[in-house]
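Engineer: The structure that follows is given in the form of structure tokens.
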Amino acid sequence: MEKIGIVVDSGCDVGNVDYPLKVVPLRIFVNGKEYNDGEIDEEFLFENLDGEVKTSLPNPEAIRQVMLDFINEGYKKIITFNISSNLSGTFNLFRLISQELMEKFDDVKIVNIDTLNISVGSGLIVRKCIEYIHSGSLFEDVVEKSKEDIEKSKVFYVIPTLKYLARGGRIGKVKAMLGEFLKMKPVISVNKEGEYYTVTKAHGFKKSINAMYEEFLKFVSNKKFISIVATTGNSESVRRIKESLLEKIRDIENCVRAFESEVSTVLSAHTGPDLVGVAALILD
């Protein structure tokens, strides 16, 4: 197995994997105090979510240090994965620091991959990359296959309220207010350009969950796939929805594996509690 380092930003929501990847935390500011992603839990975040909450790129020095750690450990080949460059400037920051390090260490090769996705949609691409490495694929093949997987991975999610997405500038405030007034709940995904878009809409949260699952089924069709179900918050109703979705997905004949995962605190700041999301990566 070739020695390949993997670095991701915390927005990729990879979860627990059997590989020594390194995670660079995005940052979050709560009422004027800065935290790295992972330093605060969801309970603290949601208690303060209606206060002053902002998110930010990783600390550049944290990116640089993680890369240097891999290089000092003898890794000459590194792949980085980031959430969509059209949703965050993290990819470009990784790219600039990688170029700087490759100029300093001429025997080191760093490839930066923009997943054009977010959260568990990005995480599935990283998980599959690890499988390629474990299977003995060479660095160039791992990179090529991982880039091909970008168009094979898709995430869908629904949230009870759009106000936090609107506050962060992810959707228009007028659209969010109209949606709240009409009680319309969109099924949100990320398009091929890595931007949020509304896949479909339903009247009320429960119907939107069903609509999301129907869109998920359209995406996987009759192809083999791996999947992740993710939620935010700890409400009993959302826990039951997650368990039900996992059971239905695992019963699909072409489902190879289905995991459950948490959503990073930084991303939860843009969605609020009770998000329900599902992602799939096509294997065929």
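Going through the structure tokens in order, the chains are called A, B, and so on, while each chain numbers its residues from 1 and the ligands are numbered from 1 in the order shown.
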If we count only C-alpha atoms, what is near Asn82 of chain A at a cut-off of 12 Å, once residues fewer than 2 positions away on the same chain are taken out, given as a ChimeraX atom specification?

Structural biologist: /A:6-14,23-26,57-58,63,79-80,84-95,111-123,125-126,150,194

Engineer: Got a sec: who's within 12 Å of Arg239 of chain A, counting only C-alpha atoms, leaving out chain neighbours fewer than 5 positions off, as an MDAnalysis selection string?

Structural biologist: chainID A and resid 229:234 244:246 260:262 273:276

Engineer: Pull N, CA and C atoms from the residues just selected and write them as a CSV table (one decimal), in the first residue's frame.

Structural biologist:
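Dumped to again.csv:
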```csv
chain,number,residue,atom,x,y,z
A,229,VAL,N,-26.5,8.7,6.7
A,229,VAL,CA,-27.6,9.5,7.2
A,229,VAL,C,-27.1,10.3,8.4
A,230,ALA,N,-27.3,11.6,8.3
A,230,ALA,CA,-26.8,12.5,9.3
A,230,ALA,C,-27.9,13.4,9.9
A,231,THR,N,-27.8,13.8,11.2
A,231,THR,CA,-28.8,14.6,11.8
A,231,THR,C,-28.1,15.6,12.7
A,232,THR,N,-28.8,16.7,13.1
A,232,THR,CA,-28.3,17.6,14.1
A,232,THR,C,-29.3,17.6,15.3
A,233,GLY,N,-28.8,17.9,16.5
A,233,GLY,CA,-29.7,18.0,17.6
A,233,GLY,C,-29.9,16.6,18.2
A,234,ASN,N,-30.7,16.6,19.3
A,234,ASN,CA,-30.9,15.3,20.0
A,234,ASN,C,-32.4,15.0,20.3
A,244,SER,N,-35.3,5.2,11.1
A,244,SER,CA,-36.2,4.7,10.0
A,244,SER,C,-35.5,4.8,8.7
A,245,LEU,N,-34.9,5.9,8.4
A,245,LEU,CA,-34.2,6.1,7.1
A,245,LEU,C,-33.1,5.1,6.9
A,246,LEU,N,-32.3,4.9,8.0
A,246,LEU,CA,-31.2,3.9,7.9
A,246,LEU,C,-31.8,2.5,7.6
A,260,GLU,N,-24.3,6.0,9.9
A,260,GLU,CA,-24.9,7.2,10.4
A,260,GLU,C,-23.7,8.1,10.9
A,261,SER,N,-24.0,9.4,10.9
A,261,SER,CA,-22.9,10.3,11.2
A,261,SER,C,-23.4,11.6,11.8
A,262,GLU,N,-22.6,12.3,12.5
A,262,GLU,CA,-22.9,13.6,13.0
A,262,GLU,C,-22.5,14.7,12.0
A,273,PRO,N,-30.8,23.1,14.8
A,273,PRO,CA,-31.1,21.7,15.2
A,273,PRO,C,-32.2,21.1,14.3
A,274,ASP,N,-32.2,19.7,14.4
A,274,ASP,CA,-33.2,18.9,13.7
A,274,ASP,C,-33.1,18.8,12.2
A,275,LEU,N,-31.8,19.1,11.7
A,275,LEU,CA,-31.5,18.7,10.3
A,275,LEU,C,-31.6,17.2,10.1
A,276,VAL,N,-32.1,16.8,9.0
A,276,VAL,CA,-32.1,15.4,8.6
A,276,VAL,C,-31.5,15.4,7.2
```

Engineer: Skipping near chain neighbours, those fewer than 5 positions away, what residues fall within 7 Å of Thr271 of chain A using only C-alpha atoms, listed as a PyMOL selection string?

Structural biologist: chain A and resi 159+164-165

Engineer: Limited to all heavy atoms, could you put the picked residues into a file as a PDB file, in the first residue's frame?

Structural biologist:
```pdb
ATOM      1  N   ILE A 159     -34.439  20.989   6.762  1.00  0.00           N
ATOM      2  CA  ILE A 159     -34.319  21.623   8.068  1.00  0.00           C
ATOM      3  C   ILE A 159     -35.641  22.301   8.420  1.00  0.00           C
ATOM      4  O   ILE A 159     -36.377  22.732   7.529  1.00  0.00           O
ATOM      5  CB  ILE A 159     -33.173  22.653   8.103  1.00  0.00           C
ATOM      6  CG1 ILE A 159     -33.200  23.561   6.865  1.00  0.00           C
ATOM      7  CG2 ILE A 159     -31.833  21.968   8.230  1.00  0.00           C
ATOM      8  CD1 ILE A 159     -32.109  24.609   6.820  1.00  0.00           C
ATOM      9  N   TYR A 164     -31.363  30.311   9.680  1.00  0.00           N
ATOM     10  CA  TYR A 164     -29.922  30.291   9.931  1.00  0.00           C
ATOM     11  C   TYR A 164     -29.131  30.243   8.621  1.00  0.00           C
ATOM     12  O   TYR A 164     -28.059  30.844   8.517  1.00  0.00           O
ATOM     13  CB  TYR A 164     -29.560  29.114  10.836  1.00  0.00           C
ATOM     14  CG  TYR A 164     -30.286  29.176  12.162  1.00  0.00           C
ATOM     15  CD1 TYR A 164     -31.213  28.195  12.515  1.00  0.00           C
ATOM     16  CD2 TYR A 164     -30.077  30.231  13.041  1.00  0.00           C
ATOM     17  CE1 TYR A 164     -31.902  28.262  13.716  1.00  0.00           C
ATOM     18  CE2 TYR A 164     -30.763  30.313  14.248  1.00  0.00           C
ATOM     19  CZ  TYR A 164     -31.673  29.322  14.578  1.00  0.00           C
ATOM     20  OH  TYR A 164     -32.370  29.396  15.762  1.00  0.00           O
ATOM     21  N   LEU A 165     -29.668  29.547   7.623  1.00  0.00           N
ATOM     22  CA  LEU A 165     -29.041  29.590   6.292  1.00  0.00           C
ATOM     23  C   LEU A 165     -29.092  31.002   5.735  1.00  0.00           C
ATOM     24  O   LEU A 165     -28.140  31.481   5.121  1.00  0.00           O
ATOM     25  CB  LEU A 165     -29.748  28.630   5.331  1.00  0.00           C
ATOM     26  CG  LEU A 165     -29.341  27.159   5.354  1.00  0.00           C
ATOM     27  CD1 LEU A 165     -30.187  26.376   4.353  1.00  0.00           C
ATOM     28  CD2 LEU A 165     -27.859  26.976   5.035  1.00  0.00           C
TER      29      LEU A 165
END
```

Engineer: Choose the residue, out of A:Val158, A:Glu243, A:Asp141, A:Lys248, that has the smallest atom-to-atom separation from Lys206 of chain A; count only C-alpha atoms.

Structural biologist: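 That would be A:Val158, the residue with the smallest distance to Lys206 of chain A.
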
Engineer: Of the residues A:Val220, A:Ile78, A:Ala62, A:Ile4, which is the one nearest to Asn36 of chain A, using only C-alpha atoms?

Structural biologist: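 Nearest candidate to Asn36 of chain A out of A:Val220, A:Ile78, A:Ala62, A:Ile4: A:Ala62.
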
Engineer: With a distance cut-off of 12 Å and only C-alpha atoms, select the neighbouring residues of Glu34 of chain A, excluding the residue or stretch itself and same-chain residues fewer than 2 positions from it, and output the selection as a VMD selection string.

Structural biologist: chain A and resid 26 to 32 36 to 40 52 to 59 266

Engineer: Based on DSSP run over this structure's backbone, return all residues of segment 40-109 of chain A in strand (DSSP E or B), as a PyMOL selection string.

Structural biologist: chain A and resi 53-56+77-82+109

Engineer: Take the selection from the previous step and output its residues with all heavy atoms, as a short mmCIF file (atom, residue, chain, number, x, y, z; two decimals), in the first residue's frame.

Structural biologist:
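After the write, again25.cif holds the following:
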```cif
data_model
loop_
_atom_site.label_atom_id
_atom_site.label_comp_id
_atom_site.auth_asym_id
_atom_site.auth_seq_id
_atom_site.Cartn_x
_atom_site.Cartn_y
_atom_site.Cartn_z
N VAL A 53 -23.45 34.55 16.08
CA VAL A 53 -22.74 33.34 15.67
C VAL A 53 -22.23 33.51 14.24
O VAL A 53 -23.01 33.81 13.33
CB VAL A 53 -23.65 32.09 15.76
CG1 VAL A 53 -22.90 30.85 15.26
CG2 VAL A 53 -24.13 31.87 17.19
N LYS A 54 -20.94 33.32 14.07
CA LYS A 54 -20.33 33.42 12.74
C LYS A 54 -19.35 32.26 12.57
O LYS A 54 -18.82 31.74 13.54
CB LYS A 54 -19.57 34.74 12.57
CG LYS A 54 -20.44 35.98 12.68
CD LYS A 54 -19.60 37.25 12.54
CE LYS A 54 -20.45 38.50 12.67
NZ LYS A 54 -19.63 39.74 12.55
N THR A 55 -19.12 31.88 11.33
CA THR A 55 -18.14 30.84 11.04
C THR A 55 -17.04 31.41 10.15
O THR A 55 -17.23 32.43 9.49
CB THR A 55 -18.79 29.62 10.36
OG1 THR A 55 -19.37 30.03 9.12
CG2 THR A 55 -19.84 29.00 11.24
N SER A 56 -15.90 30.72 10.15
CA SER A 56 -14.76 31.24 9.41
C SER A 56 -13.89 30.11 8.90
O SER A 56 -14.03 28.94 9.32
CB SER A 56 -13.93 32.16 10.32
OG SER A 56 -12.84 32.73 9.62
N LYS A 77 3.52 12.16 -0.63
CA LYS A 77 2.32 12.34 -1.44
C LYS A 77 1.13 12.58 -0.52
O LYS A 77 0.87 11.78 0.38
CB LYS A 77 2.09 11.13 -2.34
CG LYS A 77 3.21 10.92 -3.36
CD LYS A 77 3.06 9.64 -4.15
CE LYS A 77 4.21 9.47 -5.13
NZ LYS A 77 4.12 8.20 -5.88
N ILE A 78 0.43 13.66 -0.78
CA ILE A 78 -0.68 14.08 0.08
C ILE A 78 -1.86 14.50 -0.79
O ILE A 78 -1.69 15.16 -1.82
CB ILE A 78 -0.27 15.26 0.99
CG1 ILE A 78 0.90 14.87 1.90
CG2 ILE A 78 -1.46 15.75 1.82
CD1 ILE A 78 1.50 16.04 2.66
N ILE A 79 -3.06 14.09 -0.37
CA ILE A 79 -4.30 14.54 -1.03
C ILE A 79 -5.11 15.31 -0.01
O ILE A 79 -5.28 14.86 1.14
CB ILE A 79 -5.13 13.35 -1.55
CG1 ILE A 79 -4.30 12.42 -2.44
CG2 ILE A 79 -6.35 13.86 -2.33
CD1 ILE A 79 -5.03 11.15 -2.83
N THR A 80 -5.61 16.48 -0.39
CA THR A 80 -6.49 17.23 0.49
C THR A 80 -7.89 17.27 -0.10
O THR A 80 -8.06 17.29 -1.33
CB THR A 80 -6.00 18.67 0.71
OG1 THR A 80 -6.26 19.47 -0.45
CG2 THR A 80 -4.52 18.71 1.02
N PHE A 81 -8.88 17.24 0.77
CA PHE A 81 -10.29 17.32 0.36
C PHE A 81 -10.95 18.46 1.12
O PHE A 81 -10.75 18.63 2.32
CB PHE A 81 -11.03 16.02 0.71
CG PHE A 81 -10.61 14.83 -0.09
CD1 PHE A 81 -9.55 14.03 0.34
CD2 PHE A 81 -11.25 14.49 -1.28
CE1 PHE A 81 -9.15 12.91 -0.38
CE2 PHE A 81 -10.86 13.38 -2.01
CZ PHE A 81 -9.81 12.59 -1.56
N ASN A 82 -11.75 19.23 0.38
CA ASN A 82 -12.44 20.37 1.00
C ASN A 82 -13.89 20.44 0.57
O ASN A 82 -14.26 19.96 -0.49
CB ASN A 82 -11.76 21.69 0.63
CG ASN A 82 -10.35 21.79 1.14
OD1 ASN A 82 -9.40 21.70 0.37
ND2 ASN A 82 -10.18 21.95 2.44
N LYS A 109 4.53 15.97 -3.31
CA LYS A 109 3.43 16.22 -4.23
C LYS A 109 2.13 16.33 -3.43
O LYS A 109 1.75 15.40 -2.71
CB LYS A 109 3.32 15.09 -5.26
CG LYS A 109 2.14 15.20 -6.21
CD LYS A 109 2.26 16.37 -7.16
CE LYS A 109 1.15 16.37 -8.20
NZ LYS A 109 1.20 17.54 -9.09
#
```

Engineer: Have a look at atom CA of Gly204 of chain A and atom CA of Leu281 of chain A and let me know their distance in Å, one decimal.

Structural biologist: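 Separating atom CA of Gly204 of chain A from atom CA of Leu281 of chain A is a distance of 27.7 Å.
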
Engineer: Please list as a list in words every residue within 10 Å of Gly272 of chain A, counting only C-alpha atoms and excluding residues in the same chain fewer than 4 positions away.

Structural biologist: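 Using only C-alpha atoms, the neighbours found are Glu42, Leu45, Phe46, Leu49, Asp50, Ile159, Pro160, Thr161, Leu162, Lys163, Tyr164, Leu165, Thr232, Gly233, Thr265, Leu267 and Ser268 of chain A.
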
Engineer: Can I get the selected residues back with C-alpha atoms, as a tab-separated table (two decimals), in the first residue's frame?

Structural biologist:
```tsv
chain	number	residue	atom	x	y	z
A	42	GLU	CA	-24.09	21.10	19.73
A	45	LEU	CA	-24.07	26.04	20.06
A	46	PHE	CA	-27.85	25.70	19.89
A	49	LEU	CA	-27.61	30.13	18.14
A	50	ASP	CA	-29.86	33.17	18.24
A	159	ILE	CA	-34.32	21.62	8.07
A	160	PRO	CA	-37.23	22.97	10.13
A	161	THR	CA	-36.26	26.61	9.58
A	162	LEU	CA	-34.35	28.50	6.90
A	163	LYS	CA	-33.44	31.47	9.09
A	164	TYR	CA	-29.92	30.29	9.93
A	165	LEU	CA	-29.04	29.59	6.29
A	232	THR	CA	-28.30	17.56	14.15
A	233	GLY	CA	-29.70	17.99	17.63
A	265	THR	CA	-20.59	22.12	14.74
A	267	LEU	CA	-22.04	23.42	9.61
A	268	SER	CA	-24.74	23.03	12.28
```

Engineer: Determine the nearest neighbour of Gly51 of chain A from the options A:Ala269, A:Gly5, A:Lys242, A:Glu148, counting only C-alpha atoms.

Structural biologist: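 Between A:Ala269, A:Gly5, A:Lys242, A:Glu148, the residue approaching Gly51 of chain A most closely is A:Ala269.
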
Engineer: For a quick check of understanding, using only C-alpha atoms, which of A:Lys3, A:Lys224, A:His270, A:Lys192 has the smallest distance to His134 of chain A?

Structural biologist: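 The closest residue to His134 of chain A is A:Lys3.
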
Engineer: Could you tell me how far atom CA of Ser227 of chain A lies from atom CA of Val190 of chain A, in Å and to one decimal?

Structural biologist: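 For atom CA of Ser227 of chain A relative to atom CA of Val190 of chain A, the distance reads 16.1 Å.
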
Engineer: In Å, how far is it from atom CA of Gln99 of chain A to atom CA of Ser146 of chain A?

Structural biologist: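 According to the coordinates, atom CA of Gln99 of chain A and atom CA of Ser146 of chain A are separated by 20.3 Å.
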
Engineer: Write down as number ranges by chain the residues belonging to segment 65-200 of chain A that are assigned helix (DSSP H, G or I) by DSSP computed on the backbone.

Structural biologist: A: 65-72, 90-104, 120-134, 139-152, 163-167, 173-182

Engineer: List as a list of chain:residue names the protein and nucleic acid residues near segment 154-157 of chain A, meaning an atom at most 6 Å away when only C-alpha atoms are counted, but skip any in the same chain fewer than 5 places from it.

Structural biologist: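 Residues meeting the cut-off are A:Gly121, A:Val187, A:Ile188, A:Ser189, A:Val276, A:Gly277, A:Val278, A:Ala279, A:Ala280.
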